[in-house]
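Trainee: I'd like to ask some things about the structure below.
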Number of protein chains: 2
Amino acid sequence: MTIEEAKTTRDEQRLRDPERTKFEILAVATQEFANRGFAGARVDEIAAKTRTTKRMIYYYFGSKERLYVATLEKSYEDIRVTEQNVDVENLDPVTAIRLLAEFTFDRHEANPTFSRLVSHENMQNAQFVTAASGFPGLERPIIKMLEQVLEHGRADGVFHRDIDALDVHMLISSFCFFRINNRYTFAANFGRDPVEAGRRSIYRQMIGDVVVEYLTSSPT
Amino acid sequence: MTIEEAKTTRDEQRLRDPERTKFEILAVATQEFANRGFAGARVDEIAAKTRTTKRMIYYYFGSKERLYVATLEKSYEDIRVTEQNVDVENLDPVTAIRLLAEFTFDRHEANPTFSRLVSHENMQNAQFVTAASGFPGLERPIIKMLEQVLEHGRADGVFHRDIDALDVHMLISSFCFFRINNRYTFAANFGRDPVEAGRRSIYRQMIGDVVVEYLTSSPT
DNA sequence: AATATAATTAAACAACTAGTGAAATAAAAT
DNA sequence: ATTTTATTTCACTAGTTGTTTAATTATATT
């Protein structure tokens, strides 16, 4: 269900739908928190962008902070679900690792909201992500997949680097994250918008090449 | 002059020192804006952490926004100065590019404040960096150096990739930036703090290897 | 030394913001 | 038919926050 669906479907059958109300609040709040951060977001503004009222936000979520945490949890859960749909089981390691890199590349581009939430969390030392340990979606499927591909690649003798899944993930994520999240200052500083449509395929191939060349090369 | 110097030197000779007052406000404001962002920072808090009063901030900087822009300008200028002190003129291209990568790596670690300011700027679509065009420090020395090294490397036949300085810079910066700025969520999500002292040399070498292997490998 | 200028302090203002309380309404569930 | 639950309205508080008015005093100038 998208926000638009939730909005348009409303009132057609039921005048009251707690699930839909909660969903809409959460969806709007996610956008607001992603765009302005926890401190910058305004409860009144979130309420105004929903079909419901500020009072309902407190009715269902209790406080601005609990609403914020709820958006974080939902966003992490969504990422986990997305990653579960990737399958590189039967591919050769080089193809598989490139595919995982491209998947992460696409995910960042398709869902900048998540990256923005993450960025804001880091700017406040991840206080809410850390506080809510037992956070759902913390075992990220992508890591398991990377581990298998790396093991496979080493067994086949095509990967020669002594590096584990977490660091490969960091290498891939950093590039994809930076391209999306630092788009504006990069464009302002260097006169090149890295998210410009025409350059997309260049960067998508680039991160794949970077990872493949690194893993397949030998330490000196 | 550091903040500490400005604080301790104060009052020894003169009770009033506009330059020192301005400097201290700017230094404290930079920390506050870097830590909390423009919206999250509090003028009262900035004032409280200086030796002077809130009124002086308005006396010298006019508004919170102009103070913020001043910290941005100062920070960019500092980076430019730092980059000007790098010299890779007489090194072979592979050594030079690795040195530039390591320089950027070190710079991010030594100055997380700048990265945080940049991150916050991006979260608000770089509205202030963009607005203040004619911004000082926008021609970054590192780009010129990368251009020369890349040209040299291609002339020598050791670099085979068709990639320009800006994209190499993005590859290097993204890794260094992510390691520092996404430290907290990365640690919370994956149980590994990428800024932990013991892992520093691994990542420092890794970004060098990644860039060198990518540039020296051939497109397929 | 007298005066003017610039730096500094103290306090107040006005707008904003998260959260609450209370009361009323009515759709759904029982 | 009755109870429960979801929803709206709206005024209000208590605390915060960016900004300003006015008075004070150190330093520079004449």
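Chains: A, B, ... in order of the structure tokens. Residues: from 1 per chain. Ligands: from 1, in order shown.
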Identify all chain C residues at most 12 Å from chain B by counting only C-alpha atoms (C1' of nucleotides); ligands do not count. Present them as a ChimeraX atom specification.

Mentor: /C:6-11

Trainee: Write a file of the just-selected residues containing N, CA and C atoms (P, O5', C5', C4', C3', O3' and C1' of nucleotides), as a tab-separated table (two decimals), in the first residue's frame.

Mentor:
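Final output, result.tsv:
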chain	number	residue	atom	x	y	z
C	6	DA	P	32.91	53.22	15.27
C	6	DA	O5'	33.34	51.86	15.96
C	6	DA	C5'	34.57	51.79	16.67
C	6	DA	C4'	34.43	50.81	17.82
C	6	DA	C3'	33.63	49.55	17.48
C	6	DA	O3'	34.40	48.43	17.87
C	6	DA	C1'	32.81	50.51	19.47
C	7	DA	P	33.94	46.96	17.67
C	7	DA	O5'	33.75	46.49	19.18
C	7	DA	C5'	34.85	46.59	20.07
C	7	DA	C4'	34.42	46.13	21.46
C	7	DA	C3'	33.79	44.75	21.52
C	7	DA	O3'	34.37	44.06	22.64
C	7	DA	C1'	32.31	46.34	22.48
C	8	DT	P	34.00	42.55	22.92
C	8	DT	O5'	32.84	42.70	23.98
C	8	DT	C5'	33.09	43.48	25.16
C	8	DT	C4'	31.85	43.58	26.01
C	8	DT	C3'	31.01	42.29	26.13
C	8	DT	O3'	31.09	41.84	27.47
C	8	DT	C1'	29.64	44.22	25.90
C	9	DT	P	30.43	40.50	27.94
C	9	DT	O5'	29.17	41.06	28.74
C	9	DT	C5'	29.34	42.10	29.68
C	9	DT	C4'	27.99	42.52	30.25
C	9	DT	C3'	27.04	41.37	30.56
C	9	DT	O3'	26.61	41.49	31.91
C	9	DT	C1'	25.94	43.02	29.26
C	10	DA	P	25.85	40.32	32.64
C	10	DA	O5'	24.37	40.91	32.69
C	10	DA	C5'	24.20	42.29	33.00
C	10	DA	C4'	22.72	42.63	32.93
C	10	DA	C3'	21.77	41.48	33.27
C	10	DA	O3'	20.72	41.99	34.09
C	10	DA	C1'	21.28	42.29	31.11
C	11	DA	P	19.63	40.97	34.69
C	11	DA	O5'	18.36	41.34	33.81
C	11	DA	C5'	18.12	42.70	33.47
C	11	DA	C4'	17.07	42.79	32.40
C	11	DA	C3'	15.89	41.83	32.58
C	11	DA	O3'	14.69	42.57	32.46
C	11	DA	C1'	16.74	41.68	30.38

Trainee: At a cut-off of 10 Å, which residues of chain D touch chain B? Count only C-alpha atoms (C1' of nucleotides) and give the answer as a VMD selection string.

Mentor: chain D and resid 16 to 20 26 to 27

Trainee: Any chance you can output those residues with N, CA, C and O atoms (P, O5', C5', C4', C3', O3' and C1' of nucleotides) as a PDB file, in the first residue's frame?

Mentor:
ATOM      1  P    DT D  16      12.858  24.305  28.693  1.00  0.00           P
ATOM      2  O5'  DT D  16      12.941  24.802  27.186  1.00  0.00           O
ATOM      3  C5'  DT D  16      12.192  24.078  26.205  1.00  0.00           C
ATOM      4  C4'  DT D  16      12.236  24.786  24.881  1.00  0.00           C
ATOM      5  C3'  DT D  16      13.567  25.432  24.512  1.00  0.00           C
ATOM      6  O3'  DT D  16      13.882  24.980  23.217  1.00  0.00           O
ATOM      7  C1'  DT D  16      11.801  26.960  24.179  1.00  0.00           C
ATOM      8  P    DT D  17      15.316  25.076  22.643  1.00  0.00           P
ATOM      9  O5'  DT D  17      15.215  26.356  21.699  1.00  0.00           O
ATOM     10  C5'  DT D  17      14.136  26.453  20.779  1.00  0.00           C
ATOM     11  C4'  DT D  17      14.211  27.781  20.047  1.00  0.00           C
ATOM     12  C3'  DT D  17      15.602  28.417  20.028  1.00  0.00           C
ATOM     13  O3'  DT D  17      15.831  28.941  18.746  1.00  0.00           O
ATOM     14  C1'  DT D  17      14.042  29.950  20.856  1.00  0.00           C
ATOM     15  P    DG D  18      17.333  29.197  18.267  1.00  0.00           P
ATOM     16  O5'  DG D  18      17.103  30.468  17.331  1.00  0.00           O
ATOM     17  C5'  DG D  18      16.091  30.415  16.331  1.00  0.00           C
ATOM     18  C4'  DG D  18      15.603  31.820  16.017  1.00  0.00           C
ATOM     19  C3'  DG D  18      16.703  32.819  15.666  1.00  0.00           C
ATOM     20  O3'  DG D  18      16.260  33.641  14.593  1.00  0.00           O
ATOM     21  C1'  DG D  18      15.481  33.585  17.548  1.00  0.00           C
ATOM     22  P    DT D  19      17.245  34.791  14.027  1.00  0.00           P
ATOM     23  O5'  DT D  19      16.803  36.041  14.921  1.00  0.00           O
ATOM     24  C5'  DT D  19      15.429  36.434  14.912  1.00  0.00           C
ATOM     25  C4'  DT D  19      15.229  37.641  15.807  1.00  0.00           C
ATOM     26  C3'  DT D  19      16.262  38.762  15.642  1.00  0.00           C
ATOM     27  O3'  DT D  19      15.589  39.939  15.229  1.00  0.00           O
ATOM     28  C1'  DT D  19      15.790  38.336  17.926  1.00  0.00           C
ATOM     29  P    DT D  20      16.364  41.283  15.035  1.00  0.00           P
ATOM     30  O5'  DT D  20      15.947  42.052  16.366  1.00  0.00           O
ATOM     31  C5'  DT D  20      14.566  42.123  16.735  1.00  0.00           C
ATOM     32  C4'  DT D  20      14.391  42.975  17.990  1.00  0.00           C
ATOM     33  C3'  DT D  20      15.125  44.316  17.970  1.00  0.00           C
ATOM     34  O3'  DT D  20      14.238  45.301  18.488  1.00  0.00           O
ATOM     35  C1'  DT D  20      15.699  43.116  19.910  1.00  0.00           C
ATOM     36  P    DA D  26      35.105  49.480  32.423  1.00  0.00           P
ATOM     37  O5'  DA D  26      36.239  49.060  31.379  1.00  0.00           O
ATOM     38  C5'  DA D  26      36.105  47.848  30.680  1.00  0.00           C
ATOM     39  C4'  DA D  26      36.500  48.014  29.219  1.00  0.00           C
ATOM     40  C3'  DA D  26      37.901  48.577  28.993  1.00  0.00           C
ATOM     41  O3'  DA D  26      38.550  47.745  28.039  1.00  0.00           O
ATOM     42  C1'  DA D  26      36.307  49.863  27.786  1.00  0.00           C
ATOM     43  P    DT D  27      40.103  47.823  27.874  1.00  0.00           P
ATOM     44  O5'  DT D  27      40.252  48.746  26.581  1.00  0.00           O
ATOM     45  C5'  DT D  27      39.677  48.302  25.351  1.00  0.00           C
ATOM     46  C4'  DT D  27      39.574  49.436  24.360  1.00  0.00           C
ATOM     47  C3'  DT D  27      40.898  50.160  24.060  1.00  0.00           C
ATOM     48  O3'  DT D  27      41.158  49.981  22.676  1.00  0.00           O
ATOM     49  C1'  DT D  27      39.098  51.673  24.278  1.00  0.00           C
TER      50       DT D  27
END

Trainee: Between chain B and chain A, at 8 Å or less, what are the per-residue closest atom pairs and their distances in Å? Count only C-alpha atoms, order by chain and rising residue number, and return it as a Markdown table.

Mentor:
| residue | atom | partner | partner_atom | distance |
| --- | --- | --- | --- | --- |
| B:Asn35 | CA | A:Met123 | CA | 6.6 |
| B:Arg36 | CA | A:Met123 | CA | 7.0 |
| B:Ala39 | CA | A:Gly40 | CA | 5.7 |
| B:Gly40 | CA | A:Ala39 | CA | 5.7 |
| B:Arg116 | CA | A:Met123 | CA | 7.0 |
| B:Val118 | CA | A:Thr185 | CA | 7.0 |
| B:Ser119 | CA | A:Asn182 | CA | 6.9 |
| B:His120 | CA | A:Met123 | CA | 7.7 |
| B:Glu121 | CA | A:Thr185 | CA | 7.2 |
| B:Asn122 | CA | A:Tyr184 | CA | 5.7 |
| B:Met123 | CA | A:Asn35 | CA | 6.6 |
| B:Gln124 | CA | A:Arg36 | CA | 7.1 |
| B:Asn125 | CA | A:Tyr184 | CA | 5.7 |
| B:Ala126 | CA | A:Tyr184 | CA | 5.5 |
| B:Val129 | CA | A:Ala188 | CA | 6.9 |
| B:Thr130 | CA | A:Ala188 | CA | 5.9 |
| B:Leu138 | CA | A:Asn189 | CA | 5.5 |
| B:Glu139 | CA | A:Asn189 | CA | 7.6 |
| B:Leu166 | CA | A:Phe190 | CA | 7.5 |
| B:Met170 | CA | A:Phe175 | CA | 7.7 |
| B:Leu171 | CA | A:Phe175 | CA | 6.2 |
| B:Ser174 | CA | A:Phe175 | CA | 5.2 |
| B:Phe175 | CA | A:Ser174 | CA | 5.2 |
| B:Phe177 | CA | A:Ser174 | CA | 7.7 |
| B:Phe178 | CA | A:Ser174 | CA | 5.2 |
| B:Arg179 | CA | A:Ser174 | CA | 7.7 |
| B:Asn181 | CA | A:Asn122 | CA | 6.5 |
| B:Asn182 | CA | A:Asn122 | CA | 5.7 |
| B:Arg183 | CA | A:Asn122 | CA | 7.2 |
| B:Tyr184 | CA | A:Ala126 | CA | 5.5 |
| B:Thr185 | CA | A:Ala126 | CA | 5.7 |
| B:Ala188 | CA | A:Thr130 | CA | 5.9 |
| B:Asn189 | CA | A:Leu138 | CA | 5.5 |
| B:Phe190 | CA | A:Leu138 | CA | 7.4 |
| B:Asp209 | CA | A:Tyr214 | CA | 7.2 |
| B:Val210 | CA | A:Tyr214 | CA | 5.4 |
| B:Val211 | CA | A:Val210 | CA | 7.6 |
| B:Glu213 | CA | A:Tyr214 | CA | 5.9 |
| B:Tyr214 | CA | A:Val210 | CA | 5.4 |
| B:Ser217 | CA | A:Glu213 | CA | 7.0 |

Trainee: Would you compute the distance between CA of Phe159 in chain B and CA of Gly208 in chain B? Give it in Å to one decimal.

Mentor: 14.3 Å

Trainee: I want to know what sits within 10 Å of range 154-157 of chain B, based on only C-alpha atoms (C1' of nucleotides), with residues of the same chain fewer than 5 positions away left out; could you give that as a list in words?

Mentor: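 Contacts, with the query itself left out: Asp92, Pro93, Gln148, Val149, Asp162, Leu215 and Thr216 of chain B.
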
Trainee: How would you write, as a PyMOL selection string, the set of residues in chain B that DSSP gives as alpha helix (DSSP H)?

Mentor: chain B and resi 3-9+18-40+43-48+54-61+64-84+93-110+112-123+127-131+141-155+165-181+183-190+200-216
